[in-house]
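Visitor: Input upload-v7.csv, format and content: CSV, C-alpha atoms.
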chain,number,residue,atom,x,y,z
A,1,MET,CA,45.0,-19.6,7.0
A,2,ALA,CA,41.2,-20.1,7.3
A,3,THR,CA,41.8,-21.9,10.6
A,4,TYR,CA,43.8,-19.0,11.9
A,5,ILE,CA,41.1,-16.5,11.0
A,6,LEU,CA,38.4,-18.6,12.7
A,7,ASN,CA,40.5,-19.2,15.8
A,8,THR,CA,41.3,-15.5,16.1
A,9,PHE,CA,37.6,-14.6,15.8
A,10,ILE,CA,36.6,-17.2,18.4
A,11,ALA,CA,39.3,-16.0,20.8
A,12,ARG,CA,38.1,-12.4,20.4
A,13,ALA,CA,34.4,-13.2,20.6
A,14,LEU,CA,34.6,-15.5,23.6
A,15,GLY,CA,37.8,-14.1,25.2
A,16,SER,CA,36.1,-12.4,28.2
A,17,PRO,CA,32.7,-12.6,29.9
A,18,TYR,CA,31.9,-9.2,28.3
A,19,SER,CA,32.8,-10.3,24.7
A,20,ALA,CA,31.0,-13.6,25.2
A,21,ALA,CA,27.8,-11.7,26.4
A,22,ILE,CA,28.0,-9.4,23.4
A,23,THR,CA,28.5,-12.3,21.0
A,24,ILE,CA,25.6,-14.2,22.4
A,25,SER,CA,23.4,-11.1,22.2
A,26,VAL,CA,24.3,-10.7,18.5
A,27,GLY,CA,23.2,-14.2,18.0
A,28,LEU,CA,19.9,-13.7,19.9
A,29,THR,CA,19.0,-10.4,18.2
A,30,SER,CA,19.9,-11.9,14.8
A,31,TYR,CA,17.6,-14.8,15.5
A,32,PHE,CA,14.8,-12.6,16.7
A,33,PHE,CA,15.0,-10.1,13.8
A,34,CYS,CA,15.7,-12.6,11.0
A,35,GLY,CA,13.0,-14.9,12.3
A,36,ASN,CA,10.4,-12.2,12.4
A,37,MET,CA,11.4,-11.0,8.9
A,38,SER,CA,10.9,-14.6,7.7
A,39,ALA,CA,7.5,-14.8,9.4
A,40,GLN,CA,6.5,-11.5,7.8
A,41,TYR,CA,7.6,-12.2,4.3
A,42,MET,CA,7.9,-16.0,3.8
A,43,GLY,CA,6.0,-19.2,4.7
A,44,ALA,CA,2.6,-19.7,6.4
A,45,MET,CA,2.3,-16.2,8.0
A,46,SER,CA,2.9,-14.4,4.8
A,47,LEU,CA,0.3,-16.4,3.1
A,48,ALA,CA,-2.1,-15.5,5.9
A,49,ILE,CA,-1.5,-11.8,6.0
A,50,TYR,CA,-1.0,-10.9,2.3
A,51,PRO,CA,-4.4,-11.3,0.5
A,52,GLU,CA,-2.7,-11.0,-2.9
A,53,GLU,CA,-0.6,-14.1,-2.1
A,54,ARG,CA,-3.7,-16.0,-0.9
A,55,LYS,CA,-5.4,-15.2,-4.1
A,56,LYS,CA,-2.7,-16.9,-6.1
A,57,LEU,CA,-3.2,-20.1,-4.2
A,58,GLN,CA,-7.0,-19.7,-4.0
A,59,LEU,CA,-7.0,-19.7,-0.2
A,60,ASN,CA,-10.1,-18.4,1.6
A,61,THR,CA,-10.2,-16.4,4.8
A,62,ALA,CA,-10.8,-19.5,7.0
A,63,GLN,CA,-7.7,-21.2,5.5
A,64,ALA,CA,-5.7,-18.0,6.1
A,65,VAL,CA,-6.7,-17.9,9.7
A,66,GLU,CA,-5.7,-21.5,10.1
A,67,LEU,CA,-2.3,-20.7,8.5
A,68,PHE,CA,-1.9,-17.7,10.9
A,69,GLY,CA,-2.5,-20.0,13.9
A,70,TYR,CA,0.0,-22.5,12.7
A,71,GLY,CA,2.7,-19.9,12.0
A,72,TYR,CA,2.0,-17.9,15.2
A,73,ARG,CA,2.2,-21.0,17.4
A,74,LYS,CA,5.5,-22.0,15.9
A,75,GLY,CA,7.0,-18.5,16.0
A,76,ALA,CA,5.8,-17.6,19.5
A,77,ARG,CA,7.9,-20.4,21.0
A,78,HIS,CA,11.1,-19.0,19.6
A,79,PHE,CA,10.9,-15.3,19.1
A,80,GLY,CA,9.6,-14.1,22.4
A,81,GLY,CA,12.3,-16.0,24.3
A,82,ALA,CA,15.0,-14.8,21.9
A,83,GLY,CA,14.1,-11.1,22.4
A,84,THR,CA,13.8,-11.4,26.2
A,85,MET,CA,17.1,-13.3,26.4
A,86,ALA,CA,18.9,-10.7,24.2
A,87,GLY,CA,17.8,-8.0,26.6
A,88,LEU,CA,19.0,-10.0,29.6
A,89,VAL,CA,22.3,-10.8,28.0
A,90,LEU,CA,22.8,-7.1,27.0
A,91,LEU,CA,22.0,-6.1,30.5
A,92,THR,CA,24.6,-8.6,31.8
A,93,ALA,CA,27.1,-7.2,29.3
A,94,ALA,CA,26.4,-3.6,30.5
A,95,PHE,CA,27.3,-4.6,34.1
A,96,LEU,CA,30.4,-6.4,32.9
A,97,THR,CA,31.6,-3.3,31.0
A,98,PRO,CA,34.2,-1.3,32.9
A,99,PRO,CA,33.1,2.4,33.5
A,100,SER,CA,34.8,4.9,31.2
A,101,GLY,CA,33.5,8.1,32.6
A,102,LEU,CA,32.1,9.1,29.2
A,103,PHE,CA,28.4,9.8,28.6
A,104,PHE,CA,28.5,7.8,25.3
A,105,SER,CA,30.3,4.9,26.9
A,106,PRO,CA,29.6,1.3,25.9
A,107,LYS,CA,28.1,0.7,29.3
A,108,ASN,CA,25.5,3.5,28.9
A,109,TYR,CA,24.8,2.4,25.3
A,110,LEU,CA,24.1,-1.1,26.5
A,111,LEU,CA,22.0,0.1,29.4
A,112,PHE,CA,19.9,1.9,26.7
A,113,LEU,CA,19.9,-1.1,24.3
A,114,ALA,CA,18.8,-3.8,26.8
A,115,PRO,CA,15.3,-2.2,27.4
A,116,LEU,CA,14.9,-1.7,23.7
A,117,ASN,CA,15.1,-5.5,23.3
A,118,PHE,CA,12.7,-6.0,26.2
A,119,ALA,CA,10.3,-3.6,24.5
A,120,HIS,CA,9.4,-6.2,21.8
A,121,GLY,CA,7.7,-8.3,24.4
A,122,VAL,CA,5.9,-5.4,26.1
A,123,TYR,CA,4.7,-4.1,22.7
A,124,THR,CA,3.5,-7.6,21.8
A,125,LEU,CA,1.6,-8.0,25.1
A,126,ILE,CA,0.0,-4.6,25.0
A,127,PHE,CA,-0.8,-4.1,21.3
A,128,MET,CA,-0.7,-7.4,19.5
A,129,LEU,CA,-2.0,-9.9,22.0
A,130,PRO,CA,-5.7,-9.1,21.7
A,131,THR,CA,-5.4,-9.5,17.9
A,132,ASN,CA,-3.4,-12.7,18.3
A,133,LEU,CA,-5.9,-14.2,20.8
A,134,ARG,CA,-9.0,-13.4,18.6
A,135,LEU,CA,-7.4,-14.8,15.5
A,136,LEU,CA,-6.4,-18.0,17.4
A,137,ALA,CA,-9.9,-18.3,18.8
A,138,LEU,CA,-11.3,-18.0,15.2
A,139,GLY,CA,-8.7,-20.6,14.1
A,140,ASP,CA,-9.7,-23.0,16.8
A,141,LYS,CA,-13.4,-22.7,15.8
A,142,ILE,CA,-12.4,-23.4,12.2
A,143,VAL,CA,-10.3,-26.5,13.1
A,144,LYS,CA,-13.1,-27.9,15.3
A,145,ALA,CA,-15.7,-27.4,12.6
A,146,ARG,CA,-13.5,-28.8,9.8
A,147,SER,CA,-13.6,-32.2,11.4
A,148,THR,CA,-17.3,-32.4,10.7
A,149,SER,CA,-17.8,-30.3,7.6
A,150,LYS,CA,-15.9,-28.9,4.6
A,151,GLU,CA,-17.8,-25.6,4.7
A,152,SER,CA,-16.2,-22.6,6.3
A,153,PRO,CA,-17.6,-22.3,9.8
A,154,LEU,CA,-17.1,-18.5,9.8
A,155,THR,CA,-20.1,-16.3,9.4
A,156,PRO,CA,-19.7,-13.4,6.9
A,157,ALA,CA,-19.2,-11.0,9.8
A,158,GLU,CA,-16.5,-13.3,11.3
A,159,GLU,CA,-14.8,-13.5,7.8
A,160,ASN,CA,-14.8,-9.7,7.6
A,161,GLU,CA,-13.4,-9.5,11.2
A,162,ALA,CA,-10.7,-12.1,10.4
A,163,GLU,CA,-9.6,-10.2,7.3
A,164,SER,CA,-9.5,-7.0,9.3
A,165,LEU,CA,-7.5,-8.7,12.1
A,166,LEU,CA,-5.0,-10.2,9.7
A,167,GLN,CA,-4.3,-6.8,8.2
A,168,LYS,CA,-4.1,-5.2,11.6
A,169,TRP,CA,-1.6,-7.9,12.7
A,170,ARG,CA,0.5,-7.2,9.6
A,171,GLN,CA,0.6,-3.5,10.4
A,172,LEU,CA,1.4,-4.0,14.1
A,173,HIS,CA,4.1,-6.5,13.1
A,174,TYR,CA,5.8,-3.8,10.9
A,175,ALA,CA,6.4,-1.8,14.1
A,176,ARG,CA,7.9,-4.8,15.9
A,177,LEU,CA,10.1,-5.5,12.8
A,178,THR,CA,11.3,-1.9,12.9
A,179,ALA,CA,12.2,-2.2,16.6
A,180,GLY,CA,13.9,-5.5,16.0
A,181,ALA,CA,15.9,-4.0,13.1
A,182,VAL,CA,17.1,-1.1,15.4
A,183,GLY,CA,18.0,-3.6,18.2
A,184,TRP,CA,19.9,-5.9,15.8
A,185,VAL,CA,21.8,-3.1,14.1
A,186,ALA,CA,22.7,-1.5,17.4
A,187,THR,CA,23.8,-4.8,18.9
A,188,CYS,CA,25.9,-5.5,15.9
A,189,ALA,CA,27.5,-2.0,16.1
A,190,VAL,CA,28.4,-2.7,19.8
A,191,PHE,CA,29.9,-6.0,18.8
A,192,LEU,CA,31.9,-4.5,15.9
A,193,THR,CA,33.3,-1.6,17.9
A,194,THR,CA,34.1,-3.3,21.2
A,195,VAL,CA,34.9,-6.9,20.6
In structure tokens, write the structure found in this file.
Guide:
Amino acid sequence: MATYILNTFIARALGSPYSAAITISVGLTSYFFCGNMSAQYMGAMSLAIYPEERKKLQLNTAQAVELFGYGYRKGARHFGGAGTMAGLVLLTAAFLTPPSGLFFSPKNYLLFLAPLNFAHGVYTLIFMLPTNLRLLALGDKIVKARSTSKESPLTPAEENEAESLLQKWRQLHYARLTAGAVGWVATCAVFLTTV
């Protein structure tokens, strides 16, 4: 019985180029959205951007910046590519969709949805990249100084700047999470209604 259900699902999800493209895009948008949720609320990034969590572990600002750099470098490898690939696969699915003549056709919906998935990257480059680069520069300074001293290499002004940047990143990331959630829900809706 379970094998029949699985085989039926696989046949529907991969039965045509269109359904395969939609299935792949569900996987990619799920990876992007769930990975960004994890970055925001669990692990190294959450320790860096939530001062109340850092306080529990007695982490200072310099350590938070180091954690941010670690989490950012790990996540950037995965999530940027996943969001971009989701947009490309959705665009492919749109062109594989037969025209229906309706304004709210799956094709038109997908042509709207694909740029939404590309928007994550554009938003990151325009709004988040300056914050990311400054935090990474501070982190590199900290790592370099740690090899020679146990003291925080950040001046009080840099510590204040780092705290401000970490909170700014958190706020900017909420907007990216919201766009990711919309893209994920919309992609799942297309999958559930057309495959």
Visitor: Which is closest to Leu166 in chain A among A:Tyr50, A:Phe95, A:Phe191, A:Tyr70, if we use all atoms listed in the file?
Guide: A:Tyr50
Visitor: Would you list the residues near (-0.2, -19.9, 15.2) (no more than 12 Å away, in the coordinates of the file, using only C-alpha atoms) as a PyMOL selection string?
Guide: chain A and resi 39+44-45+48+64-77+131-140
Visitor: Need the shell around Gln171 in chain A: protein/DNA/RNA residues with any atom at most 12 Å away, counting all atoms listed in the file. Skip same-chain ones fewer than 5 positions apart. Format as a list in words?
Guide: Gln40, Ile49, Tyr50, Phe127, Met128, Thr131, Ser164, Leu165, Leu166, Arg176, Leu177 and Thr178 of chain A
Visitor: How about saving the chosen residues, C-alpha atoms kept, as a JSON list (two decimals), keeping the file's coordinate frame?
Guide:
[["chain", "number", "residue", "atom", "x", "y", "z"],
["A", 40, "GLN", "CA", 6.50, -11.50, 7.80],
["A", 49, "ILE", "CA", -1.50, -11.80, 6.00],
["A", 50, "TYR", "CA", -1.00, -10.90, 2.30],
["A", 127, "PHE", "CA", -0.80, -4.10, 21.30],
["A", 128, "MET", "CA", -0.70, -7.40, 19.50],
["A", 131, "THR", "CA", -5.40, -9.50, 17.90],
["A", 164, "SER", "CA", -9.50, -7.00, 9.30],
["A", 165, "LEU", "CA", -7.50, -8.70, 12.10],
["A", 166, "LEU", "CA", -5.00, -10.20, 9.70],
["A", 176, "ARG", "CA", 7.90, -4.80, 15.90],
["A", 177, "LEU", "CA", 10.10, -5.50, 12.80],
["A", 178, "THR", "CA", 11.30, -1.90, 12.90]]
Visitor: For Asn36 in chain A, which residue among A:Gly80, A:Pro17, A:Pro51, A:Gly101 is the nearest when counting all atoms listed in the file?
Guide: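 Among the listed residues, A:Gly80 lies closest to Asn36 in chain A.
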Visitor: Which residue, A:Leu47, A:Met37, A:Ala114, A:Ile24, has the smallest gap to Ala186 in chain A when you use all atoms listed in the file?
Guide: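 Residue with the minimum atom-to-atom distance to Ala186 in chain A: A:Ala114.
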Visitor: Could you please determine the separation between CA of Glu158 in chain A and CA of Glu52 in chain A in Å, to one decimal place?
Guide: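 For CA of Glu158 in chain A relative to CA of Glu52 in chain A, the distance reads 19.9 Å.
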Visitor: Enter the distance from CA of Ala175 in chain A to CA of Leu116 in chain A, in Å, rounded to one decimal.
Guide: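 Going from CA of Ala175 in chain A over to CA of Leu116 in chain A covers 12.8 Å.
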Visitor: At what distance in Å, to one decimal, does CA of Trp184 in chain A lie from CA of Thr92 in chain A?
Guide: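 Computing the Euclidean distance for CA of Thr92 in chain A and CA of Trp184 in chain A yields 16.9 Å.
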Visitor: Output as a JSON list (two decimals), in the coordinates of the input: range 109-120 of chain A, completed with all heavy atoms.
Guide:
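This is the output file rebuild.json:
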[["chain", "number", "residue", "atom", "x", "y", "z"],
["A", 109, "TYR", "N", 25.46, 2.86, 26.56],
["A", 109, "TYR", "CA", 24.80, 2.40, 25.30],
["A", 109, "TYR", "C", 24.10, 1.09, 25.55],
["A", 109, "TYR", "O", 22.95, 0.92, 25.12],
["A", 109, "TYR", "CB", 25.90, 2.29, 24.24],
["A", 109, "TYR", "CG", 25.38, 2.03, 22.86],
["A", 109, "TYR", "CD1", 24.73, 3.02, 22.14],
["A", 109, "TYR", "CD2", 25.58, 0.79, 22.26],
["A", 109, "TYR", "CE1", 24.27, 2.78, 20.86],
["A", 109, "TYR", "CE2", 25.13, 0.54, 20.98],
["A", 109, "TYR", "CZ", 24.47, 1.54, 20.29],
["A", 109, "TYR", "OH", 24.02, 1.30, 19.02],
["A", 110, "LEU", "N", 24.75, 0.16, 26.24],
["A", 110, "LEU", "CA", 24.10, -1.10, 26.50],
["A", 110, "LEU", "C", 22.97, -1.01, 27.48],
["A", 110, "LEU", "O", 21.98, -1.74, 27.36],
["A", 110, "LEU", "CB", 25.19, -2.10, 27.07],
["A", 110, "LEU", "CG", 26.24, -2.57, 26.07],
["A", 110, "LEU", "CD1", 27.37, -3.28, 26.78],
["A", 110, "LEU", "CD2", 25.62, -3.46, 25.01],
["A", 111, "LEU", "N", 23.07, -0.10, 28.45],
["A", 111, "LEU", "CA", 22.00, 0.10, 29.40],
["A", 111, "LEU", "C", 20.74, 0.71, 28.65],
["A", 111, "LEU", "O", 19.61, 0.54, 29.09],
["A", 111, "LEU", "CB", 22.39, 1.03, 30.53],
["A", 111, "LEU", "CG", 23.30, 0.37, 31.55],
["A", 111, "LEU", "CD1", 23.84, 1.40, 32.54],
["A", 111, "LEU", "CD2", 22.60, -0.77, 32.27],
["A", 112, "PHE", "N", 20.96, 1.40, 27.54],
["A", 112, "PHE", "CA", 19.90, 1.90, 26.70],
["A", 112, "PHE", "C", 19.35, 0.75, 25.79],
["A", 112, "PHE", "O", 18.16, 0.61, 25.56],
["A", 112, "PHE", "CB", 20.32, 3.07, 25.85],
["A", 112, "PHE", "CG", 19.37, 3.40, 24.74],
["A", 112, "PHE", "CD1", 18.18, 4.06, 25.01],
["A", 112, "PHE", "CD2", 19.66, 3.04, 23.44],
["A", 112, "PHE", "CE1", 17.29, 4.35, 23.98],
["A", 112, "PHE", "CE2", 18.78, 3.34, 22.41],
["A", 112, "PHE", "CZ", 17.59, 3.98, 22.68],
["A", 113, "LEU", "N", 20.26, -0.05, 25.28],
["A", 113, "LEU", "CA", 19.90, -1.10, 24.30],
["A", 113, "LEU", "C", 19.16, -2.25, 24.93],
["A", 113, "LEU", "O", 18.27, -2.82, 24.29],
["A", 113, "LEU", "CB", 21.22, -1.58, 23.66],
["A", 113, "LEU", "CG", 21.14, -2.47, 22.44],
["A", 113, "LEU", "CD1", 20.29, -1.81, 21.36],
["A", 113, "LEU", "CD2", 22.54, -2.74, 21.92],
["A", 114, "ALA", "N", 19.47, -2.63, 26.15],
["A", 114, "ALA", "CA", 18.80, -3.80, 26.80],
["A", 114, "ALA", "C", 17.27, -3.55, 26.89],
["A", 114, "ALA", "O", 16.51, -4.42, 26.47],
["A", 114, "ALA", "CB", 19.39, -4.04, 28.17],
["A", 115, "PRO", "N", 16.80, -2.41, 27.39],
["A", 115, "PRO", "CA", 15.30, -2.20, 27.40],
["A", 115, "PRO", "C", 14.70, -2.17, 26.04],
["A", 115, "PRO", "O", 13.55, -2.56, 25.90],
["A", 115, "PRO", "CB", 15.18, -0.85, 28.13],
["A", 115, "PRO", "CG", 16.44, -0.65, 28.88],
["A", 115, "PRO", "CD", 17.51, -1.34, 28.10],
["A", 116, "LEU", "N", 15.45, -1.72, 25.05],
["A", 116, "LEU", "CA", 14.90, -1.70, 23.70],
["A", 116, "LEU", "C", 14.59, -3.17, 23.28],
["A", 116, "LEU", "O", 13.57, -3.42, 22.64],
["A", 116, "LEU", "CB", 15.94, -1.13, 22.72],
["A", 116, "LEU", "CG", 15.53, -1.11, 21.25],
["A", 116, "LEU", "CD1", 14.33, -0.20, 21.04],
["A", 116, "LEU", "CD2", 16.69, -0.65, 20.40],
["A", 117, "ASN", "N", 15.42, -4.12, 23.66],
["A", 117, "ASN", "CA", 15.10, -5.50, 23.30],
["A", 117, "ASN", "C", 14.00, -6.08, 24.17],
["A", 117, "ASN", "O", 13.27, -6.96, 23.71],
["A", 117, "ASN", "CB", 16.41, -6.36, 23.49],
["A", 117, "ASN", "CG", 17.30, -6.24, 22.29],
["A", 117, "ASN", "OD1", 17.09, -6.89, 21.27],
["A", 117, "ASN", "ND2", 18.27, -5.35, 22.35],
["A", 118, "PHE", "N", 13.83, -5.60, 25.40],
["A", 118, "PHE", "CA", 12.70, -6.00, 26.20],
["A", 118, "PHE", "C", 11.38, -5.42, 25.66],
["A", 118, "PHE", "O", 10.30, -5.97, 25.86],
["A", 118, "PHE", "CB", 12.83, -5.58, 27.66],
["A", 118, "PHE", "CG", 13.85, -6.35, 28.43],
["A", 118, "PHE", "CD1", 14.88, -5.68, 29.08],
["A", 118, "PHE", "CD2", 13.78, -7.72, 28.54],
["A", 118, "PHE", "CE1", 15.82, -6.38, 29.81],
["A", 118, "PHE", "CE2", 14.72, -8.43, 29.27],
["A", 118, "PHE", "CZ", 15.74, -7.76, 29.90],
["A", 119, "ALA", "N", 11.47, -4.29, 24.98],
["A", 119, "ALA", "CA", 10.30, -3.60, 24.50],
["A", 119, "ALA", "C", 9.49, -4.42, 23.49],
["A", 119, "ALA", "O", 8.27, -4.25, 23.39],
["A", 119, "ALA", "CB", 10.70, -2.26, 23.85],
["A", 120, "HIS", "N", 10.13, -5.33, 22.77],
["A", 120, "HIS", "CA", 9.40, -6.20, 21.80],
["A", 120, "HIS", "C", 8.29, -6.95, 22.54],
["A", 120, "HIS", "O", 7.16, -7.02, 22.07],
["A", 120, "HIS", "CB", 10.30, -7.20, 21.14],
["A", 120, "HIS", "CG", 11.48, -6.62, 20.45],
["A", 120, "HIS", "ND1", 12.75, -7.05, 20.73],
["A", 120, "HIS", "CD2", 11.59, -5.65, 19.53],
["A", 120, "HIS", "CE1", 13.59, -6.37, 19.99],
["A", 120, "HIS", "NE2", 12.92, -5.51, 19.26]]
